[in-house]
$ cat protein-v8.cif   # mmCIF, C-alpha atoms
data_my_file
loop_
_atom_site.label_atom_id
_atom_site.label_comp_id
_atom_site.auth_asym_id
_atom_site.auth_seq_id
_atom_site.Cartn_x
_atom_site.Cartn_y
_atom_site.Cartn_z
CA MET A 1 81.10 75.13 -17.25
CA SER A 2 84.74 75.62 -16.30
CA ASN A 3 86.44 74.99 -12.99
CA PRO A 4 85.65 77.82 -10.60
CA THR A 5 88.26 80.26 -9.39
CA ILE A 6 88.06 80.64 -5.63
CA TYR A 7 89.42 83.64 -3.75
CA VAL A 8 89.52 83.50 0.02
CA ASP A 9 90.13 86.55 2.17
CA HIS A 10 93.50 86.16 3.88
CA ARG A 11 91.87 86.90 7.26
CA GLU A 12 89.61 83.85 7.02
CA HIS A 13 89.90 81.07 9.56
CA THR A 14 92.62 78.53 8.83
CA LEU A 15 90.21 75.63 9.47
CA LEU A 16 88.17 76.69 6.46
CA ILE A 17 91.31 76.89 4.34
CA ARG A 18 92.39 73.42 5.47
CA GLU A 19 88.94 72.10 4.59
CA LEU A 20 89.22 73.51 1.05
CA GLU A 21 92.60 71.82 0.70
CA LYS A 22 91.22 68.54 2.03
CA LEU A 23 88.48 68.70 -0.59
CA GLY A 24 91.12 69.23 -3.29
CA LEU A 25 89.90 72.72 -4.18
CA SER A 26 92.46 75.22 -5.35
CA TYR A 27 92.11 78.77 -4.11
CA THR A 28 94.00 82.03 -3.91
CA LEU A 29 94.41 83.98 -0.70
CA LYS A 30 93.96 87.71 -1.18
CA THR A 31 92.58 90.75 0.57
CA LEU A 32 88.90 91.08 -0.25
CA ASP A 33 87.23 94.45 0.24
CA VAL A 34 83.82 92.81 0.40
CA GLY A 35 82.91 89.31 1.53
CA ASP A 36 85.00 86.41 2.75
CA ILE A 37 84.98 84.14 -0.29
CA LEU A 38 84.54 84.83 -4.01
CA ILE A 39 83.74 82.04 -6.44
CA GLN A 40 84.09 82.93 -10.11
CA THR A 41 83.01 80.62 -12.91
CA LEU A 42 82.04 80.75 -16.55
CA VAL A 43 78.53 79.65 -17.42
CA ASN A 44 77.68 79.71 -21.14
CA GLY A 45 80.67 81.97 -21.74
CA GLU A 46 79.58 84.50 -19.13
CA GLU A 47 81.56 85.10 -15.95
CA ASN A 48 79.52 84.84 -12.76
CA THR A 49 80.73 85.68 -9.27
CA VAL A 50 79.27 84.51 -5.99
CA CYS A 51 80.32 86.66 -3.03
CA ILE A 52 79.97 84.86 0.29
CA GLU A 53 79.92 86.57 3.67
CA ARG A 54 80.41 84.09 6.52
CA LYS A 55 79.25 84.97 10.02
CA THR A 56 79.24 83.01 13.21
CA GLN A 57 75.96 83.35 15.07
CA GLN A 58 77.55 85.70 17.59
CA ASP A 59 79.19 87.84 14.89
CA PHE A 60 75.91 87.99 13.00
CA LEU A 61 74.11 89.30 16.09
CA ASN A 62 76.92 91.75 16.92
CA SER A 63 76.98 93.09 13.37
CA PHE A 64 73.19 93.39 13.43
CA PHE A 65 73.17 95.44 16.62
CA ASP A 66 76.04 97.71 15.59
CA ARG A 67 74.42 97.96 12.12
CA ARG A 68 77.65 96.88 10.36
CA ILE A 69 75.82 94.05 8.57
CA PHE A 70 73.70 96.49 6.57
CA HIS A 71 76.76 98.18 5.07
CA GLN A 72 78.41 94.82 4.31
CA LEU A 73 75.33 93.45 2.58
CA LEU A 74 74.76 96.63 0.59
CA MET A 75 78.37 96.55 -0.65
CA MET A 76 78.01 92.88 -1.62
CA LYS A 77 74.79 93.60 -3.48
CA GLN A 78 76.31 96.56 -5.36
CA GLN A 79 79.54 94.83 -6.38
CA TYR A 80 78.54 91.23 -7.15
CA GLN A 81 75.81 89.47 -9.13
CA PHE A 82 75.26 86.74 -6.55
CA PRO A 83 75.70 87.72 -2.88
CA LEU A 84 75.19 85.04 -0.23
CA LEU A 85 75.19 85.16 3.57
CA ILE A 86 76.13 82.07 5.58
CA ILE A 87 75.47 82.01 9.34
CA GLU A 88 77.40 79.30 11.16
CA GLY A 89 76.56 77.80 14.53
CA GLU A 90 74.54 75.16 16.32
CA GLU A 91 73.14 77.14 19.22
CA ASN A 92 69.65 78.58 19.37
CA LEU A 93 70.21 81.97 17.76
CA TYR A 94 67.20 83.44 19.56
CA MET A 95 68.68 82.61 22.97
CA LEU A 96 72.20 84.02 22.47
CA ARG A 97 71.30 87.62 23.28
CA ASP A 98 68.71 89.30 25.43
CA VAL A 99 66.65 90.48 22.50
CA HIS A 100 63.14 89.74 21.36
CA PRO A 101 63.10 86.99 18.70
CA ASN A 102 60.99 89.20 16.43
CA SER A 103 63.98 91.56 16.05
CA ILE A 104 66.01 88.72 14.60
CA ARG A 105 63.10 87.55 12.46
CA GLY A 106 62.80 91.11 11.18
CA MET A 107 66.43 91.02 10.13
CA PHE A 108 65.89 87.77 8.26
CA THR A 109 62.86 89.30 6.55
CA SER A 110 64.90 92.36 5.59
CA LEU A 111 67.61 90.10 4.13
CA ALA A 112 65.05 88.36 1.95
CA LEU A 113 62.84 91.26 0.93
CA ASP A 114 64.92 94.45 1.11
CA PHE A 115 68.36 93.11 0.22
CA GLN A 116 67.22 90.01 -1.72
CA ILE A 117 70.25 88.14 -0.40
CA PRO A 118 69.92 84.40 0.18
CA LEU A 119 70.78 83.05 3.61
CA ILE A 120 72.20 79.64 4.36
CA TYR A 121 72.37 78.41 7.92
CA SER A 122 75.16 75.90 8.59
CA ARG A 123 76.49 74.14 11.66
CA ASN A 124 80.16 75.05 11.10
CA TYR A 125 82.83 75.73 8.47
CA ARG A 126 82.82 72.09 7.41
CA ASP A 127 79.06 72.02 6.86
#
$ encode --input "protein-v8.cif" --output "structure tokens"
Amino acid sequence: MSNPTIYVDHREHTLLIRELEKLGLSYTLKTLDVGDILIQTLVNGEENTVCIERKTQQDFLNSFFDRRIFHQLLMMKQQYQFPLLIIEGEENLYMLRDVHPNSIRGMFTSLALDFQIPLIYSRNYRD
């Protein structure tokens, strides 16, 4: 396996970029049409790309209610072999908006079954 090539959307938060630098990871800033981070690597001579969409809890909920998330996930799924959604935050997601928790659970179910996109929940950009 070779060293991965990391592309970070130029609109990404500078704290994330500083964290990559602190970890000694080299990256290239560029405008990404889909996703926030692309990680390309060769495995057994074959190029693989992971496309990561990062959302804060609040942005995740906002994009769910305005239905933007569905378009973003569909584009990720169509353009990349390995799409991944990361939701960042430490608050109780079910208490952030006045919405029934089953609506949010339904979205998580749709992510897994309809879109087949893995979800990682993290505390923050550093996590």
$ closest_residue --input "protein-v8.cif" --among "A:Asp9, A:Leu74, A:Leu32, A:Asn124" --to "Leu111 of chain A" --atoms "only C-alpha atoms"
A:Leu74
$ residues_around --input "protein-v8.cif" --residues "Lys55 of chain A" --least-positions-apart "2" --cutoff "6 Å" --atoms "only C-alpha atoms" --output "list in words"
Asp59, Phe60 and Ile87 of chain A
$ closest_residue --input "protein-v8.cif" --among "A:Ile104, A:Leu93, A:Leu38, A:Val99" --to "Gln81 of chain A" --atoms "all atoms listed in the file"
A:Leu38
$ closest_residue --input "protein-v8.cif" --among "A:Leu61, A:Leu73, A:Leu25, A:Val43" --to "Glu88 of chain A" --atoms "only C-alpha atoms"
A:Leu61
$ closest_residue --input "protein-v8.cif" --among "A:Asp98, A:Glu91, A:Glu53, A:Glu12" --to "Arg123 of chain A" --atoms "only C-alpha atoms"
A:Glu91
$ closest_residue --input "protein-v8.cif" --among "A:Met95, A:Leu113, A:Ile6, A:Leu85" --to "Thr56 of chain A" --atoms "all atoms listed in the file"
A:Leu85
$ atom_distance --input "protein-v8.cif" --atom1 "atom CA of Cys51 of chain A" --atom2 "atom CA of Lys22 of chain A"
21.7 Å
$ atom_distance --input "protein-v8.cif" --atom1 "atom CA of Tyr121 of chain A" --atom2 "atom CA of Leu84 of chain A"
10.9 Å
$ closest_residue --input "protein-v8.cif" --among "A:Phe64, A:Tyr7, A:Tyr125, A:Phe82" --to "Glu19 of chain A" --atoms "only C-alpha atoms"
A:Tyr125
$ atom_distance --input "protein-v8.cif" --atom1 "atom CA of Asn62 of chain A" --atom2 "atom CA of Thr28 of chain A"
28.6 Å
$ residues_around --input "protein-v8.cif" --residues "Glu47 of chain A" --least-positions-apart "4" --cutoff "12 Å" --atoms "all atoms listed in the file" --output "PyMOL selection string"
chain A and resi 1-5+39-43+80-82
$ axis_aligned_box --input "protein-v8.cif" --around "segment 36-40 of chain A" --padding-each-side "8 Å" --output "AutoDock Vina command-line options"
--center_x 84.4 --center_y 84.2 --center_z -3.7 --size_x 17.3 --size_y 20.4 --size_z 28.9
